[in-house]
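Novice: Below is the structure I would like to discuss, written out as structure tokens.
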Amino acid sequence: MGVYTKAQLPQPSLTLMMQIKNGLLCLCLCFLAITPLHAIETLAVPGGIVTFDVESSEYPEVAFQDKPVAVIPNGQNWRAVLGLPLSIKPGEHSITINGKSRTFDVQDKQYKEQHITLKTRKHIDLSQEDLARHRKEKAKAMAAYAHFERQRMPDFAFLKPVDGPYSSPFGLRRFFNGEPRRPHSGLDIAAPTGTDIKAPADGKVVLTGNFFFNGNVVYVDHGQGLISMFCHLDEILVEQGSILEKGEILGKVGATGRVTGPHLHWSVSLNNSRIDPMLLLPESAQVSAQD
């Protein structure tokens, strides 16, 4: 057997490299094909999910309100998975599939109110400095939510990221010190400071930081516009660019930012629309959050 130095090692041809690349892509598609479609609970309401079966020999192009929509294999065909924003109006809407329009109906849903009393008004009446900071942080967050990586295959069968009771459900119409604010776009899970936070699915960390309202945050891209945001962390244990496996620890529960106590605020976004995380959790984890 010959002995080679590093410089003398045989180099793979361009053709071989392309074959390997294509093989890896096919392997990814095979993994995606076993995503349990029954795990996706469809609910055509604001903050819900709608799926569409698509017959196509090739990966279909699907869009809603000029935003790309996640598409996963479904047998020999495909299934588009669409998130509905909390702001969507009840009635008929349309999605574009390979250039053709397909209509669907959205039902109304009235979410309950939640009244929260904060000890200080720092996070209600913002100073000019705090307002400028918030606007910069919001721009970063919007860029993370808008990210769409087709090659990363989403797993819609999520794990519950923290062990603990639900303290505030998704969609609540919120009032801070009696003043109306935007609806609750995530799910709160109560847990002591220092409790482990697990990645609900495989993904890539696309943003971390300390934000004015959200405290220590981590954004994870699960692929094709499926994004998780974890807020109010006591400690961040990952870096931007980190690749996470399902169940891997990404941080610790805390009480940073605008909070009344330690908990995890977990938001899930699909095609840049915040959806109810409960819809992606196993039935055993789908219990009602307290009002």
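Letters for chains follow the order of the structure tokens (A, B, ...), residue numbers begin at 1 for each chain, and ligand numbers begin at 1 in the order shown.
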Mind checking DSSP for stretch 147-210 of chain A and telling me the strand (DSSP E or B) residues as a list of chain:residue names?
Specialist: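 DSSP-assigned strand (DSSP E or B) residues in stretch 147-210 of chain A: A:Tyr166, A:Ser167, A:Ser168, A:Arg173, A:Arg174, A:Phe175, A:Phe176, A:Glu179, A:Pro180, A:Leu187, A:Asp188, A:Ile189, A:Ala190, A:Asp196, A:Ile197, A:Lys198, A:Gly203, A:Lys204, A:Val205, A:Val206, A:Leu207, A:Thr208, A:Gly209, A:Asn210.
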Novice: Could you save the residues just selected, with C-alpha atoms, as an mmCIF file, in the first residue's frame?
Specialist:
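What ended up in result-v4.cif:
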data_model
loop_
_atom_site.group_PDB
_atom_site.id
_atom_site.type_symbol
_atom_site.label_atom_id
_atom_site.label_comp_id
_atom_site.auth_asym_id
_atom_site.auth_seq_id
_atom_site.Cartn_x
_atom_site.Cartn_y
_atom_site.Cartn_z
ATOM 1 C CA TYR A 166 -48.491 26.422 30.436
ATOM 2 C CA SER A 167 -49.030 29.837 31.985
ATOM 3 C CA SER A 168 -50.295 31.929 29.035
ATOM 4 C CA ARG A 173 -55.466 39.918 23.726
ATOM 5 C CA ARG A 174 -53.084 41.517 26.200
ATOM 6 C CA PHE A 175 -53.334 44.578 28.406
ATOM 7 C CA PHE A 176 -50.332 45.918 30.338
ATOM 8 C CA GLU A 179 -53.375 49.553 28.211
ATOM 9 C CA PRO A 180 -54.018 47.344 25.135
ATOM 10 C CA LEU A 187 -46.895 30.235 24.258
ATOM 11 C CA ASP A 188 -45.641 30.766 27.827
ATOM 12 C CA ILE A 189 -44.341 27.827 29.856
ATOM 13 C CA ALA A 190 -43.712 28.423 33.561
ATOM 14 C CA ASP A 196 -33.174 23.486 30.455
ATOM 15 C CA ILE A 197 -34.673 24.638 27.143
ATOM 16 C CA LYS A 198 -34.582 21.985 24.401
ATOM 17 C CA GLY A 203 -32.409 23.567 13.124
ATOM 18 C CA LYS A 204 -29.824 26.296 12.775
ATOM 19 C CA VAL A 205 -29.402 29.206 15.189
ATOM 20 C CA VAL A 206 -29.872 32.324 13.058
ATOM 21 C CA LEU A 207 -29.949 35.024 15.756
ATOM 22 C CA THR A 208 -29.120 35.495 19.437
ATOM 23 C CA GLY A 209 -28.895 38.563 21.636
ATOM 24 C CA ASN A 210 -30.214 40.593 24.531
#
Novice: Give me the residues near A:Ala70 as a PDB file with N, CA and C atoms, in the first residue's frame, where near means some atom within 6 Å (using only C-alpha atoms) and where sequence neighbours in that chain fewer than 6 positions away do not count.
Specialist:
ATOM      1  N   ALA A  80     -48.293  21.353   0.801  1.00  0.00           N
ATOM      2  CA  ALA A  80     -47.930  22.701   1.234  1.00  0.00           C
ATOM      3  C   ALA A  80     -48.488  22.924   2.629  1.00  0.00           C
ATOM      4  N   VAL A  81     -47.669  23.530   3.504  1.00  0.00           N
ATOM      5  CA  VAL A  81     -48.066  23.765   4.903  1.00  0.00           C
ATOM      6  C   VAL A  81     -48.037  25.277   5.142  1.00  0.00           C
ATOM      7  N   GLN A 224     -37.433  26.080   5.647  1.00  0.00           N
ATOM      8  CA  GLN A 224     -38.576  26.490   4.834  1.00  0.00           C
ATOM      9  C   GLN A 224     -39.545  27.415   5.572  1.00  0.00           C
TER      10      GLN A 224
END
Novice: Need the shell around A:Ile243: protein/DNA/RNA residues with any atom at most 12 Å away, counting only C-alpha atoms. Skip same-chain ones fewer than 4 positions apart. Format as a list in words?
Specialist: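 Result of the neighbour search: Arg152, Ala199, Ala201, Asp202, Gly203, Lys204, Val205, Val206, Tyr219, Val220, Asp221, His222, Gly223, Val238, Glu239, Glu248, Ile249 and Leu250 of chain A.
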Novice: Just N, CA and C atoms for this one: save the residues we selected as a PDB file, in the first residue's frame.
Specialist:
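After the write, result02.pdb holds the following:
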ATOM      1  N   ARG A 152     -33.092  23.208   3.919  1.00  0.00           N
ATOM      2  CA  ARG A 152     -33.243  22.669   5.271  1.00  0.00           C
ATOM      3  C   ARG A 152     -34.653  22.117   5.417  1.00  0.00           C
ATOM      4  N   ALA A 199     -34.262  22.209  22.006  1.00  0.00           N
ATOM      5  CA  ALA A 199     -34.683  22.501  20.639  1.00  0.00           C
ATOM      6  C   ALA A 199     -35.854  21.590  20.298  1.00  0.00           C
ATOM      7  N   ALA A 201     -37.045  20.851  17.463  1.00  0.00           N
ATOM      8  CA  ALA A 201     -36.750  20.117  16.232  1.00  0.00           C
ATOM      9  C   ALA A 201     -35.346  20.519  15.773  1.00  0.00           C
ATOM     10  N   ASP A 202     -34.796  19.772  14.834  1.00  0.00           N
ATOM     11  CA  ASP A 202     -33.498  20.133  14.276  1.00  0.00           C
ATOM     12  C   ASP A 202     -33.559  21.553  13.705  1.00  0.00           C
ATOM     13  N   GLY A 203     -32.422  22.238  13.705  1.00  0.00           N
ATOM     14  CA  GLY A 203     -32.409  23.567  13.124  1.00  0.00           C
ATOM     15  C   GLY A 203     -31.071  24.257  13.258  1.00  0.00           C
ATOM     16  N   LYS A 204     -31.030  25.466  12.740  1.00  0.00           N
ATOM     17  CA  LYS A 204     -29.824  26.296  12.775  1.00  0.00           C
ATOM     18  C   LYS A 204     -30.123  27.582  13.535  1.00  0.00           C
ATOM     19  N   VAL A 205     -29.245  27.957  14.445  1.00  0.00           N
ATOM     20  CA  VAL A 205     -29.402  29.206  15.189  1.00  0.00           C
ATOM     21  C   VAL A 205     -29.081  30.369  14.249  1.00  0.00           C
ATOM     22  N   VAL A 206     -30.061  31.222  14.001  1.00  0.00           N
ATOM     23  CA  VAL A 206     -29.872  32.324  13.058  1.00  0.00           C
ATOM     24  C   VAL A 206     -29.748  33.683  13.742  1.00  0.00           C
ATOM     25  N   TYR A 219     -33.130  32.544  18.178  1.00  0.00           N
ATOM     26  CA  TYR A 219     -33.978  32.222  17.036  1.00  0.00           C
ATOM     27  C   TYR A 219     -33.390  31.003  16.326  1.00  0.00           C
ATOM     28  N   VAL A 220     -34.228  29.986  16.090  1.00  0.00           N
ATOM     29  CA  VAL A 220     -33.785  28.762  15.431  1.00  0.00           C
ATOM     30  C   VAL A 220     -34.588  28.560  14.152  1.00  0.00           C
ATOM     31  N   ASP A 221     -33.876  28.380  13.036  1.00  0.00           N
ATOM     32  CA  ASP A 221     -34.490  28.133  11.734  1.00  0.00           C
ATOM     33  C   ASP A 221     -34.595  26.623  11.528  1.00  0.00           C
ATOM     34  N   HIS A 222     -35.829  26.103  11.477  1.00  0.00           N
ATOM     35  CA  HIS A 222     -36.053  24.673  11.280  1.00  0.00           C
ATOM     36  C   HIS A 222     -36.188  24.314   9.795  1.00  0.00           C
ATOM     37  N   GLY A 223     -36.170  25.314   8.915  1.00  0.00           N
ATOM     38  CA  GLY A 223     -36.238  25.069   7.484  1.00  0.00           C
ATOM     39  C   GLY A 223     -37.533  25.539   6.859  1.00  0.00           C
ATOM     40  N   VAL A 238     -25.897  28.601  23.090  1.00  0.00           N
ATOM     41  CA  VAL A 238     -25.546  28.367  21.692  1.00  0.00           C
ATOM     42  C   VAL A 238     -25.091  29.675  21.067  1.00  0.00           C
ATOM     43  N   GLU A 239     -24.488  29.575  19.902  1.00  0.00           N
ATOM     44  CA  GLU A 239     -24.040  30.753  19.171  1.00  0.00           C
ATOM     45  C   GLU A 239     -24.733  30.817  17.817  1.00  0.00           C
ATOM     46  N   GLU A 248     -31.688  18.973  21.785  1.00  0.00           N
ATOM     47  CA  GLU A 248     -30.436  19.539  22.290  1.00  0.00           C
ATOM     48  C   GLU A 248     -30.718  20.792  23.122  1.00  0.00           C
ATOM     49  N   ILE A 249     -29.975  20.971  24.211  1.00  0.00           N
ATOM     50  CA  ILE A 249     -30.173  22.119  25.102  1.00  0.00           C
ATOM     51  C   ILE A 249     -29.608  23.385  24.460  1.00  0.00           C
ATOM     52  N   LEU A 250     -30.425  24.435  24.393  1.00  0.00           N
ATOM     53  CA  LEU A 250     -29.986  25.692  23.775  1.00  0.00           C
ATOM     54  C   LEU A 250     -29.859  26.835  24.769  1.00  0.00           C
TER      55      LEU A 250
END
Novice: Record the distance separating atom CA of A:Leu159 and atom CA of A:Gly251, expressed in Å with one decimal.
Specialist: 15.3 Å
Novice: Smallest atom-to-atom distance to A:Thr195: which of A:Ile227, A:Met142, A:Ala255, A:Val218, using only C-alpha atoms?
Specialist: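 Once distances to A:Thr195 are computed over only C-alpha atoms, the minimum belongs to A:Ala255.
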Novice: State, in Å with one decimal place, the distance from atom CA of A:Gly48 to atom CA of A:Lys246.
Specialist: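 Atom-to-atom, atom CA of A:Gly48 and atom CA of A:Lys246 are spaced 23.1 Å apart.
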Novice: Counting only C-alpha atoms, which of A:Glu235, A:Ser94, A:Gly247, A:Leu84 gets nearest to A:Val268?
Specialist: A:Leu84
Novice: When you count only C-alpha atoms, which of these residues is closest to A:Glu58: A:Pro282, A:Gly164, A:Gly99, A:Pro73?
Specialist: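 Between A:Pro282, A:Gly164, A:Gly99, A:Pro73, the residue approaching A:Glu58 most closely is A:Pro73.
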Novice: Which of these, A:Pro165, A:Gly215, A:Gly83, A:Pro60, has the shortest distance to A:Leu43 once you count only C-alpha atoms?
Specialist: A:Gly83
Novice: Point out the residue among A:Phe52, A:Tyr145, A:Phe212, A:Phe158 with the least atom-to-atom distance to A:Met278, counting only C-alpha atoms.
Specialist: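 Ranking A:Phe52, A:Tyr145, A:Phe212, A:Phe158 by distance to A:Met278, first place goes to A:Phe158.
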Novice: Select, from A:His147, A:Asn271, A:Glu137, A:Ile236, the residue with the minimum atom-to-atom distance to A:Phe211, counting only C-alpha atoms.
Specialist: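 Ranking A:His147, A:Asn271, A:Glu137, A:Ile236 by distance to A:Phe211, first place goes to A:Glu137.
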